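Novice: For reference, the file input.cif (mmCIF, N, CA and C atoms and all ligand atoms) is included below:
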```cif
data_start
loop_
_atom_site.label_atom_id
_atom_site.label_comp_id
_atom_site.auth_asym_id
_atom_site.auth_seq_id
_atom_site.Cartn_x
_atom_site.Cartn_y
_atom_site.Cartn_z
N MET A 24 7.55 -26.08 -30.64
CA MET A 24 7.08 -24.83 -30.05
C MET A 24 7.92 -24.46 -28.83
N ASN A 25 8.29 -23.23 -28.75
CA ASN A 25 9.12 -22.76 -27.64
C ASN A 25 8.24 -22.42 -26.43
N LYS A 26 8.50 -23.16 -25.34
CA LYS A 26 7.64 -22.97 -24.16
C LYS A 26 7.82 -21.61 -23.51
N ALA A 27 8.94 -20.96 -23.76
CA ALA A 27 9.19 -19.66 -23.15
C ALA A 27 8.16 -18.62 -23.59
N PHE A 28 7.51 -18.89 -24.70
CA PHE A 28 6.55 -17.90 -25.21
C PHE A 28 5.12 -18.16 -24.73
N ILE A 29 4.97 -19.22 -23.96
CA ILE A 29 3.62 -19.49 -23.44
C ILE A 29 3.49 -18.84 -22.07
N LYS A 30 2.58 -17.93 -21.95
CA LYS A 30 2.36 -17.27 -20.66
C LYS A 30 1.13 -17.88 -20.01
N GLU A 31 1.26 -18.12 -18.71
CA GLU A 31 0.15 -18.75 -17.98
C GLU A 31 -1.07 -17.82 -17.90
N ASN A 32 -0.82 -16.63 -17.40
CA ASN A 32 -1.91 -15.75 -17.02
C ASN A 32 -2.19 -14.65 -18.04
N ASP A 33 -1.27 -14.47 -18.91
CA ASP A 33 -1.33 -13.40 -19.90
C ASP A 33 -1.68 -12.03 -19.33
N GLY A 34 -1.01 -11.67 -18.26
CA GLY A 34 -1.15 -10.32 -17.73
C GLY A 34 -2.43 -10.06 -16.97
N ALA A 35 -3.23 -11.08 -16.76
CA ALA A 35 -4.51 -10.88 -16.10
C ALA A 35 -4.34 -10.32 -14.68
N ASP A 36 -3.21 -10.67 -14.05
CA ASP A 36 -3.00 -10.23 -12.68
C ASP A 36 -2.05 -9.04 -12.59
N GLN A 37 -1.75 -8.42 -13.72
CA GLN A 37 -0.79 -7.34 -13.70
C GLN A 37 -1.41 -6.08 -14.25
N GLY A 38 -1.22 -4.98 -13.56
CA GLY A 38 -1.72 -3.71 -14.06
C GLY A 38 -0.70 -2.63 -13.81
N PHE A 39 -0.58 -1.69 -14.73
CA PHE A 39 0.37 -0.60 -14.58
C PHE A 39 -0.38 0.71 -14.48
N CYS A 40 0.02 1.53 -13.52
CA CYS A 40 -0.65 2.81 -13.27
C CYS A 40 -0.62 3.67 -14.54
N PRO A 41 -1.80 4.12 -15.00
CA PRO A 41 -1.85 4.93 -16.22
C PRO A 41 -1.16 6.29 -16.04
N ARG A 42 -0.93 6.72 -14.81
CA ARG A 42 -0.31 8.03 -14.57
C ARG A 42 1.21 7.91 -14.43
N CYS A 43 1.69 7.01 -13.55
CA CYS A 43 3.14 6.95 -13.28
C CYS A 43 3.81 5.74 -13.92
N GLY A 44 3.03 4.77 -14.38
CA GLY A 44 3.61 3.61 -15.07
C GLY A 44 4.13 2.51 -14.16
N GLN A 45 4.10 2.73 -12.86
CA GLN A 45 4.57 1.71 -11.93
C GLN A 45 3.56 0.56 -11.83
N ALA A 46 4.08 -0.66 -11.65
CA ALA A 46 3.19 -1.81 -11.49
C ALA A 46 2.34 -1.64 -10.24
N GLY A 47 1.04 -1.87 -10.39
CA GLY A 47 0.15 -1.73 -9.25
C GLY A 47 0.07 -3.01 -8.44
N ILE A 48 -0.53 -2.91 -7.26
CA ILE A 48 -0.76 -4.06 -6.40
C ILE A 48 -2.22 -4.45 -6.54
N ALA A 49 -2.48 -5.68 -6.98
CA ALA A 49 -3.86 -6.13 -7.14
C ALA A 49 -4.55 -6.17 -5.77
N VAL A 50 -5.73 -5.60 -5.69
CA VAL A 50 -6.46 -5.58 -4.42
C VAL A 50 -7.80 -6.31 -4.58
N ASP A 51 -8.31 -6.82 -3.46
CA ASP A 51 -9.65 -7.41 -3.52
C ASP A 51 -10.66 -6.40 -2.97
N GLU A 52 -11.86 -6.83 -2.74
CA GLU A 52 -12.93 -5.86 -2.40
C GLU A 52 -12.77 -5.21 -1.03
N ALA A 53 -12.15 -5.91 -0.08
CA ALA A 53 -12.14 -5.42 1.30
C ALA A 53 -11.50 -4.03 1.44
N PRO A 54 -10.28 -3.80 0.93
CA PRO A 54 -9.72 -2.44 1.05
C PRO A 54 -10.50 -1.40 0.26
N LEU A 55 -11.11 -1.82 -0.83
CA LEU A 55 -11.92 -0.87 -1.62
C LEU A 55 -13.13 -0.42 -0.82
N GLU A 56 -13.73 -1.37 -0.10
CA GLU A 56 -14.88 -1.01 0.74
C GLU A 56 -14.47 -0.04 1.84
N THR A 57 -13.26 -0.23 2.37
CA THR A 57 -12.78 0.65 3.44
C THR A 57 -12.50 2.05 2.93
N HIS A 58 -11.89 2.16 1.76
CA HIS A 58 -11.35 3.45 1.32
C HIS A 58 -12.17 4.19 0.28
N LEU A 59 -13.10 3.52 -0.36
CA LEU A 59 -13.87 4.18 -1.42
C LEU A 59 -15.36 4.18 -1.13
N PRO A 60 -16.01 5.31 -1.36
CA PRO A 60 -17.48 5.30 -1.34
C PRO A 60 -17.98 4.39 -2.47
N PRO A 61 -19.12 3.72 -2.27
CA PRO A 61 -19.59 2.73 -3.26
C PRO A 61 -19.74 3.30 -4.67
N GLU A 62 -20.12 4.57 -4.79
CA GLU A 62 -20.33 5.13 -6.14
C GLU A 62 -19.00 5.24 -6.89
N LEU A 63 -17.90 5.41 -6.15
CA LEU A 63 -16.59 5.46 -6.82
C LEU A 63 -16.08 4.06 -7.13
N ARG A 64 -16.37 3.11 -6.22
CA ARG A 64 -16.00 1.72 -6.49
C ARG A 64 -16.63 1.28 -7.81
N ALA A 65 -17.84 1.75 -8.06
CA ALA A 65 -18.58 1.34 -9.25
C ALA A 65 -17.96 1.88 -10.54
N THR A 66 -17.08 2.91 -10.44
CA THR A 66 -16.45 3.45 -11.65
C THR A 66 -15.27 2.60 -12.11
N LEU A 67 -14.84 1.66 -11.26
CA LEU A 67 -13.69 0.80 -11.60
C LEU A 67 -14.18 -0.59 -11.99
N GLY A 68 -13.39 -1.27 -12.82
CA GLY A 68 -13.74 -2.62 -13.26
C GLY A 68 -13.56 -3.65 -12.16
N ARG A 69 -13.59 -4.93 -12.56
CA ARG A 69 -13.53 -6.01 -11.58
C ARG A 69 -12.13 -6.13 -10.98
N SER A 70 -11.08 -6.07 -11.85
CA SER A 70 -9.71 -6.13 -11.34
C SER A 70 -9.23 -4.73 -11.03
N VAL A 71 -8.94 -4.48 -9.77
CA VAL A 71 -8.51 -3.16 -9.34
C VAL A 71 -7.12 -3.24 -8.72
N TYR A 72 -6.32 -2.22 -8.95
CA TYR A 72 -4.95 -2.17 -8.46
C TYR A 72 -4.75 -0.90 -7.65
N TRP A 73 -3.85 -1.03 -6.69
CA TRP A 73 -3.44 0.12 -5.88
C TRP A 73 -2.10 0.62 -6.40
N CYS A 74 -1.97 1.92 -6.64
CA CYS A 74 -0.67 2.49 -7.01
C CYS A 74 0.05 2.91 -5.74
N ASP A 75 1.20 2.29 -5.48
CA ASP A 75 1.91 2.53 -4.21
C ASP A 75 3.00 3.60 -4.34
N HIS A 76 3.07 4.25 -5.49
CA HIS A 76 4.09 5.29 -5.68
C HIS A 76 3.75 6.50 -4.80
N PRO A 77 4.67 6.93 -3.92
CA PRO A 77 4.33 8.01 -2.98
C PRO A 77 3.98 9.33 -3.66
N ASP A 78 4.58 9.61 -4.81
CA ASP A 78 4.36 10.91 -5.46
C ASP A 78 3.23 10.90 -6.48
N CYS A 79 2.69 9.73 -6.78
CA CYS A 79 1.63 9.63 -7.79
C CYS A 79 0.29 9.89 -7.13
N ARG A 80 -0.55 10.69 -7.77
CA ARG A 80 -1.83 11.06 -7.18
C ARG A 80 -2.94 10.05 -7.50
N VAL A 81 -2.58 8.98 -8.22
CA VAL A 81 -3.56 7.92 -8.47
C VAL A 81 -3.57 6.98 -7.27
N ALA A 82 -4.77 6.69 -6.77
CA ALA A 82 -4.88 5.72 -5.68
C ALA A 82 -5.18 4.34 -6.28
N TYR A 83 -6.33 4.20 -6.94
CA TYR A 83 -6.74 2.92 -7.53
C TYR A 83 -6.95 3.10 -9.03
N PHE A 84 -6.71 2.01 -9.75
CA PHE A 84 -6.99 2.03 -11.19
C PHE A 84 -7.37 0.62 -11.64
N ASP A 85 -7.92 0.54 -12.84
CA ASP A 85 -8.26 -0.78 -13.37
C ASP A 85 -7.56 -1.00 -14.71
N ASN A 86 -7.88 -2.10 -15.38
CA ASN A 86 -7.20 -2.44 -16.63
C ASN A 86 -7.67 -1.60 -17.80
N PHE A 87 -8.65 -0.71 -17.58
CA PHE A 87 -9.19 0.09 -18.68
C PHE A 87 -8.93 1.57 -18.46
N ASP A 88 -7.84 1.86 -17.70
CA ASP A 88 -7.39 3.23 -17.46
C ASP A 88 -8.36 4.09 -16.65
N ALA A 89 -9.34 3.48 -16.01
CA ALA A 89 -10.16 4.24 -15.07
C ALA A 89 -9.34 4.43 -13.79
N VAL A 90 -9.35 5.63 -13.24
CA VAL A 90 -8.59 5.88 -12.02
C VAL A 90 -9.46 6.55 -10.96
N VAL A 91 -9.07 6.32 -9.71
CA VAL A 91 -9.62 7.07 -8.59
C VAL A 91 -8.44 7.77 -7.93
N GLY A 92 -8.52 9.08 -7.82
CA GLY A 92 -7.41 9.85 -7.26
C GLY A 92 -7.37 9.79 -5.75
N VAL A 93 -6.20 10.10 -5.22
CA VAL A 93 -5.97 10.09 -3.77
C VAL A 93 -6.99 10.98 -3.05
N GLU A 94 -7.35 12.11 -3.69
CA GLU A 94 -8.25 13.08 -3.06
C GLU A 94 -9.66 12.53 -2.87
N SER A 95 -9.98 11.43 -3.58
CA SER A 95 -11.33 10.86 -3.47
C SER A 95 -11.45 9.79 -2.39
N LEU A 96 -10.33 9.42 -1.78
CA LEU A 96 -10.39 8.39 -0.74
C LEU A 96 -11.11 8.94 0.50
N ARG A 97 -11.56 8.02 1.35
CA ARG A 97 -12.30 8.45 2.55
C ARG A 97 -11.40 9.21 3.52
N GLY A 98 -10.09 8.98 3.46
CA GLY A 98 -9.18 9.69 4.36
C GLY A 98 -7.77 9.63 3.83
N PRO A 99 -6.85 10.39 4.44
CA PRO A 99 -5.45 10.36 4.00
C PRO A 99 -4.79 9.02 4.34
N VAL A 100 -3.98 8.51 3.42
CA VAL A 100 -3.30 7.22 3.64
C VAL A 100 -1.84 7.31 3.23
N ALA A 101 -1.02 6.43 3.85
CA ALA A 101 0.37 6.26 3.45
C ALA A 101 0.39 5.39 2.19
N PRO A 102 1.37 5.55 1.30
CA PRO A 102 2.47 6.53 1.34
C PRO A 102 2.12 7.83 0.62
N LYS A 103 0.84 8.02 0.29
CA LYS A 103 0.46 9.18 -0.50
C LYS A 103 0.52 10.46 0.33
N ASP A 104 0.12 10.35 1.59
CA ASP A 104 0.13 11.50 2.48
C ASP A 104 1.18 11.27 3.56
N PRO A 105 2.23 12.09 3.59
CA PRO A 105 3.32 11.87 4.54
C PRO A 105 2.86 11.96 6.00
N ALA A 106 1.73 12.65 6.23
CA ALA A 106 1.26 12.80 7.61
C ALA A 106 0.39 11.62 8.06
N ALA A 107 -0.05 10.78 7.13
CA ALA A 107 -0.91 9.65 7.49
C ALA A 107 -0.08 8.56 8.16
N PRO A 108 -0.70 7.80 9.10
CA PRO A 108 0.05 6.70 9.72
C PRO A 108 0.52 5.70 8.66
N LEU A 109 1.71 5.13 8.89
CA LEU A 109 2.25 4.13 7.95
C LEU A 109 1.47 2.84 8.05
N CYS A 110 1.00 2.59 9.29
CA CYS A 110 0.31 1.33 9.56
C CYS A 110 -1.18 1.61 9.73
N SER A 111 -1.98 1.00 8.88
CA SER A 111 -3.42 1.24 8.92
C SER A 111 -4.07 0.56 10.11
N CYS A 112 -3.44 -0.48 10.64
CA CYS A 112 -4.05 -1.24 11.74
C CYS A 112 -3.75 -0.61 13.10
N PHE A 113 -2.48 -0.24 13.34
CA PHE A 113 -2.09 0.18 14.68
C PHE A 113 -1.58 1.61 14.75
N GLY A 114 -1.66 2.32 13.65
CA GLY A 114 -1.35 3.74 13.68
C GLY A 114 0.12 4.11 13.85
N VAL A 115 1.02 3.19 13.57
CA VAL A 115 2.45 3.51 13.65
C VAL A 115 2.77 4.60 12.61
N THR A 116 3.49 5.63 13.05
CA THR A 116 3.74 6.79 12.18
C THR A 116 5.21 6.88 11.77
N TYR A 117 5.45 7.78 10.85
CA TYR A 117 6.82 8.10 10.44
C TYR A 117 7.66 8.48 11.67
N ASP A 118 7.09 9.29 12.57
CA ASP A 118 7.82 9.73 13.76
C ASP A 118 8.21 8.55 14.65
N ASP A 119 7.32 7.55 14.77
CA ASP A 119 7.65 6.36 15.58
C ASP A 119 8.89 5.67 15.02
N VAL A 120 8.90 5.52 13.69
CA VAL A 120 10.03 4.83 13.06
C VAL A 120 11.30 5.67 13.21
N GLN A 121 11.13 6.99 13.09
CA GLN A 121 12.29 7.87 13.25
C GLN A 121 12.87 7.77 14.66
N GLU A 122 11.98 7.68 15.68
CA GLU A 122 12.46 7.54 17.05
C GLU A 122 13.23 6.24 17.22
N ASP A 123 12.71 5.16 16.63
CA ASP A 123 13.42 3.88 16.66
C ASP A 123 14.80 4.02 16.03
N ALA A 124 14.84 4.69 14.89
CA ALA A 124 16.11 4.84 14.16
C ALA A 124 17.09 5.67 14.98
N GLU A 125 16.59 6.71 15.64
CA GLU A 125 17.48 7.55 16.44
C GLU A 125 18.01 6.81 17.65
N GLU A 126 17.15 5.95 18.24
CA GLU A 126 17.59 5.17 19.39
C GLU A 126 18.46 3.99 18.96
N GLY A 127 18.45 3.68 17.67
CA GLY A 127 19.25 2.57 17.16
C GLY A 127 18.70 1.21 17.55
N LYS A 128 17.46 1.19 18.03
CA LYS A 128 16.81 -0.07 18.43
C LYS A 128 15.39 -0.07 17.89
N PRO A 129 15.02 -1.08 17.11
CA PRO A 129 13.66 -1.07 16.54
C PRO A 129 12.59 -1.53 17.52
N THR A 130 12.51 -0.88 18.67
CA THR A 130 11.56 -1.27 19.72
C THR A 130 10.11 -1.23 19.23
N ARG A 131 9.74 -0.10 18.61
CA ARG A 131 8.37 0.08 18.16
C ARG A 131 8.05 -0.85 16.98
N ILE A 132 9.08 -1.06 16.15
CA ILE A 132 8.87 -1.94 15.00
C ILE A 132 8.71 -3.40 15.46
N ARG A 133 9.48 -3.79 16.50
CA ARG A 133 9.32 -5.15 17.04
C ARG A 133 7.92 -5.35 17.60
N GLU A 134 7.43 -4.33 18.29
CA GLU A 134 6.07 -4.37 18.84
C GLU A 134 5.05 -4.46 17.70
N LEU A 135 5.31 -3.70 16.66
CA LEU A 135 4.42 -3.74 15.49
C LEU A 135 4.44 -5.13 14.87
N TYR A 136 5.63 -5.72 14.78
CA TYR A 136 5.74 -7.07 14.23
C TYR A 136 4.90 -8.05 15.06
N ARG A 137 5.03 -7.92 16.39
CA ARG A 137 4.30 -8.83 17.28
C ARG A 137 2.79 -8.68 17.04
N ARG A 138 2.33 -7.44 16.98
CA ARG A 138 0.89 -7.22 16.80
C ARG A 138 0.42 -7.62 15.40
N SER A 139 1.32 -7.49 14.42
CA SER A 139 0.93 -7.84 13.05
C SER A 139 0.69 -9.35 12.92
N GLN A 140 1.26 -10.13 13.85
CA GLN A 140 1.06 -11.58 13.84
C GLN A 140 -0.20 -11.99 14.61
N SER A 141 -0.82 -11.02 15.27
CA SER A 141 -1.97 -11.33 16.12
C SER A 141 -3.26 -11.15 15.32
N PRO A 142 -4.37 -11.67 15.87
CA PRO A 142 -5.65 -11.52 15.14
C PRO A 142 -6.13 -10.07 15.05
N GLU A 143 -5.51 -9.16 15.84
CA GLU A 143 -5.89 -7.74 15.77
C GLU A 143 -5.56 -7.13 14.41
N ALA A 144 -4.55 -7.67 13.73
CA ALA A 144 -4.11 -7.08 12.47
C ALA A 144 -5.19 -7.28 11.41
N ALA A 145 -5.49 -6.22 10.70
CA ALA A 145 -6.54 -6.30 9.68
C ALA A 145 -6.10 -5.61 8.40
N CYS A 146 -4.81 -5.82 8.04
CA CYS A 146 -4.26 -5.14 6.86
C CYS A 146 -5.08 -5.42 5.61
N GLY A 147 -5.58 -6.65 5.48
CA GLY A 147 -6.33 -7.03 4.29
C GLY A 147 -7.54 -6.15 4.06
N ARG A 148 -8.06 -5.58 5.14
CA ARG A 148 -9.23 -4.72 5.05
C ARG A 148 -8.84 -3.24 5.18
N LEU A 149 -7.92 -2.94 6.11
CA LEU A 149 -7.64 -1.54 6.45
C LEU A 149 -6.57 -0.88 5.59
N ALA A 150 -5.53 -1.62 5.21
CA ALA A 150 -4.47 -1.01 4.40
C ALA A 150 -5.01 -0.77 3.00
N PRO A 151 -4.69 0.39 2.39
CA PRO A 151 -5.22 0.67 1.05
C PRO A 151 -4.77 -0.36 0.01
N SER A 152 -3.58 -0.94 0.22
CA SER A 152 -3.08 -1.97 -0.70
C SER A 152 -3.55 -3.36 -0.29
N GLY A 153 -4.14 -3.46 0.89
CA GLY A 153 -4.53 -4.76 1.42
C GLY A 153 -3.35 -5.58 1.92
N ARG A 154 -2.17 -4.96 1.96
CA ARG A 154 -0.96 -5.66 2.39
C ARG A 154 -0.46 -5.10 3.71
N CYS A 155 0.27 -5.94 4.42
CA CYS A 155 0.87 -5.54 5.69
C CYS A 155 1.91 -4.45 5.44
N CYS A 156 1.97 -3.47 6.34
CA CYS A 156 2.87 -2.33 6.17
C CYS A 156 4.31 -2.64 6.58
N LEU A 157 4.56 -3.80 7.23
CA LEU A 157 5.88 -4.05 7.82
C LEU A 157 7.06 -3.91 6.84
N PRO A 158 6.97 -4.45 5.62
CA PRO A 158 8.13 -4.28 4.72
C PRO A 158 8.48 -2.82 4.49
N SER A 159 7.46 -1.95 4.32
CA SER A 159 7.79 -0.54 4.07
C SER A 159 8.26 0.15 5.34
N VAL A 160 7.73 -0.28 6.50
CA VAL A 160 8.19 0.28 7.78
C VAL A 160 9.67 -0.09 8.01
N GLN A 161 10.00 -1.36 7.73
CA GLN A 161 11.39 -1.80 7.90
C GLN A 161 12.32 -1.07 6.95
N LYS A 162 11.85 -0.89 5.72
CA LYS A 162 12.67 -0.19 4.73
C LYS A 162 12.95 1.24 5.19
N LEU A 163 11.91 1.90 5.69
CA LEU A 163 12.07 3.27 6.18
C LEU A 163 13.06 3.30 7.35
N TYR A 164 12.95 2.33 8.25
CA TYR A 164 13.86 2.27 9.40
C TYR A 164 15.31 2.22 8.91
N PHE A 165 15.58 1.34 7.94
CA PHE A 165 16.96 1.22 7.47
C PHE A 165 17.40 2.46 6.71
N GLN A 166 16.47 3.09 6.00
CA GLN A 166 16.80 4.35 5.32
C GLN A 166 17.18 5.41 6.34
N LEU A 167 16.39 5.52 7.41
CA LEU A 167 16.64 6.54 8.43
C LEU A 167 17.90 6.22 9.20
N ARG A 168 18.14 4.94 9.48
CA ARG A 168 19.38 4.52 10.13
C ARG A 168 20.57 4.92 9.27
N GLY A 169 20.43 4.68 7.98
CA GLY A 169 21.51 5.01 7.05
C GLY A 169 21.83 6.51 7.07
N GLY A 170 20.76 7.30 7.29
CA GLY A 170 20.94 8.75 7.33
C GLY A 170 21.67 9.21 8.58
N ILE A 171 21.58 8.42 9.66
CA ILE A 171 22.18 8.83 10.93
C ILE A 171 23.66 8.43 10.97
N ASP A 172 23.92 7.21 10.53
CA ASP A 172 25.31 6.69 10.63
C ASP A 172 26.29 7.44 9.74
ZN ZN A 201 0.72 5.82 -10.14
#
```
Will you turn the file into structure tokens for me?
Specialist:
Amino acid sequence: MNKAFIKENDGADQGFCPRCGQAGIAVDEAPLETHLPPELRATLGRSVYWCDHPDCRVAYFDNFDAVVGVESLRGPVAPKDPAAPLCSCFGVTYDDVQEDAEEGKPTRIRELYRRSQSPEAACGRLAPSGRCCLPSVQKLYFQLRGGID
């Protein structure tokens, strides 16, 4: 028997957005409690995923193609709404990152990094994906830096 064909999890931890097809980020209950009214949480199954595609209007979905749209969330969130703070914990915005990029020094991002390591950070509960925003903030910084140079 060829071991390459034996899958451990058989896709149990993987979900693809029924609207845009991008792989979702598996979330636990904490971000769902923050961003969804309980009656909408009840429309989704046990395994729920966050769609992180900025242009896709799906926020959460499950393995049975049930979706909750961005418009049903309790408030605007990144990356779905360009005006929403990038960081759910400390409110770092696109403009903050742009200022860092223009100054050529990631001062605000370093501060964000410092705070993200502290007990104040609550990404697991506050971020819609339940993940820390730093990787996307850093990516944006380098994108904006690239645009200046
Ligand atoms: Zn999507």
Novice: In Å to one decimal, how far is atom CA of Pro41 of chain A from atom CA of Asp88 of chain A?
Specialist: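 A separation of 5.9 Å between them.
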Novice: Pick out the residues sitting within 8 Å of Glu94 of chain A, and hand them over as JSON, numbers by chain; count all atoms listed in the file, and ignore anything fewer than 2 positions along from it in its own chain.
Specialist: {"A": [80, 81, 82, 91, 92, 96, 97, 98]}
Novice: Please, which residues of segment 47-140 of chain A, numbered as in this document, come out strand (DSSP E) from DSSP, as number ranges by chain?
Specialist: A: 48-50, 71-73, 81-85, 90-92
Novice: Write out as a compact mmCIF listing (two decimals) with N, CA and C atoms, in the frame of the given file each polymer residue (protein, DNA or RNA) that has an atom no more than 6 Å from ligand ZN 201 (chain A), with only N, CA and C atoms and all ligand atoms counted.
Specialist:
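Below is the file that was written, pocket-v3.txt:
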```
# COMPACT_ATOMS: atom_id res chain seq x y z
N CYS A 40 0.02 1.53 -13.52
CA CYS A 40 -0.65 2.81 -13.27
C CYS A 40 -0.62 3.67 -14.54
N PRO A 41 -1.80 4.12 -15.00
CA PRO A 41 -1.85 4.93 -16.22
C PRO A 41 -1.16 6.29 -16.04
N ARG A 42 -0.93 6.72 -14.81
CA ARG A 42 -0.31 8.03 -14.57
C ARG A 42 1.21 7.91 -14.43
N CYS A 43 1.69 7.01 -13.55
CA CYS A 43 3.14 6.95 -13.28
C CYS A 43 3.81 5.74 -13.92
N GLY A 44 3.03 4.77 -14.38
CA GLY A 44 3.61 3.61 -15.07
C GLY A 44 4.13 2.51 -14.16
N GLN A 45 4.10 2.73 -12.86
CA GLN A 45 4.57 1.71 -11.93
C GLN A 45 3.56 0.56 -11.83
N CYS A 74 -1.97 1.92 -6.64
CA CYS A 74 -0.67 2.49 -7.01
C CYS A 74 0.05 2.91 -5.74
N ASP A 75 1.20 2.29 -5.48
CA ASP A 75 1.91 2.53 -4.21
C ASP A 75 3.00 3.60 -4.34
N HIS A 76 3.07 4.25 -5.49
CA HIS A 76 4.09 5.29 -5.68
C HIS A 76 3.75 6.50 -4.80
N CYS A 79 2.69 9.73 -6.78
CA CYS A 79 1.63 9.63 -7.79
C CYS A 79 0.29 9.89 -7.13
N ARG A 80 -0.55 10.69 -7.77
CA ARG A 80 -1.83 11.06 -7.18
C ARG A 80 -2.94 10.05 -7.50
N VAL A 81 -2.58 8.98 -8.22
CA VAL A 81 -3.56 7.92 -8.47
C VAL A 81 -3.57 6.98 -7.27
```
Novice: Which distance in Å separates atom N of Asp119 of chain A and atom CA of Tyr164 of chain A, to one decimal?
Specialist: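 Computing it gives 10.0 Å between the two atoms.
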Novice: Could you list, as JSON, numbers by chain, every residue within 10 Å of segment 60-65 of chain A, counting only C-alpha atoms and ignoring same-chain residues fewer than 4 positions away?
Specialist: {"A": [52, 55, 56, 69, 71, 83, 90, 91, 95, 96, 97]}
Novice: When you count all atoms listed in the file, which of these residues is closest to Lys103 of chain A: A:Pro77, A:Ala89, A:Asp123, A:Thr57?
Specialist: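 Checking each candidate against Lys103 of chain A, we get A:Pro77 as the closest.
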Novice: Just the number, please: distance in Å from atom CA of Ala107 of chain A to atom C of Ser152 of chain A, one decimal.
Specialist: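 Atom-to-atom, atom CA of Ala107 of chain A to atom C of Ser152 of chain A, that is 15.4 Å.
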Novice: Just give me the residues with any atom within 12 Å of (-6.2, -1.7, 7.6), file coordinates, counting only C-alpha atoms, written as a ChimeraX atom specification.
Specialist: /A:53-58,100-101,108-115,139,143-156
Novice: Apply DSSP to the backbone of this structure and, from chain A, keep only the residues in helix (DSSP H, G or I); write these as an MDAnalysis selection string.
Specialist: chainID A and resid 26:28 52:58 61:64 93:95 117:126 130:139 146:149 157:171
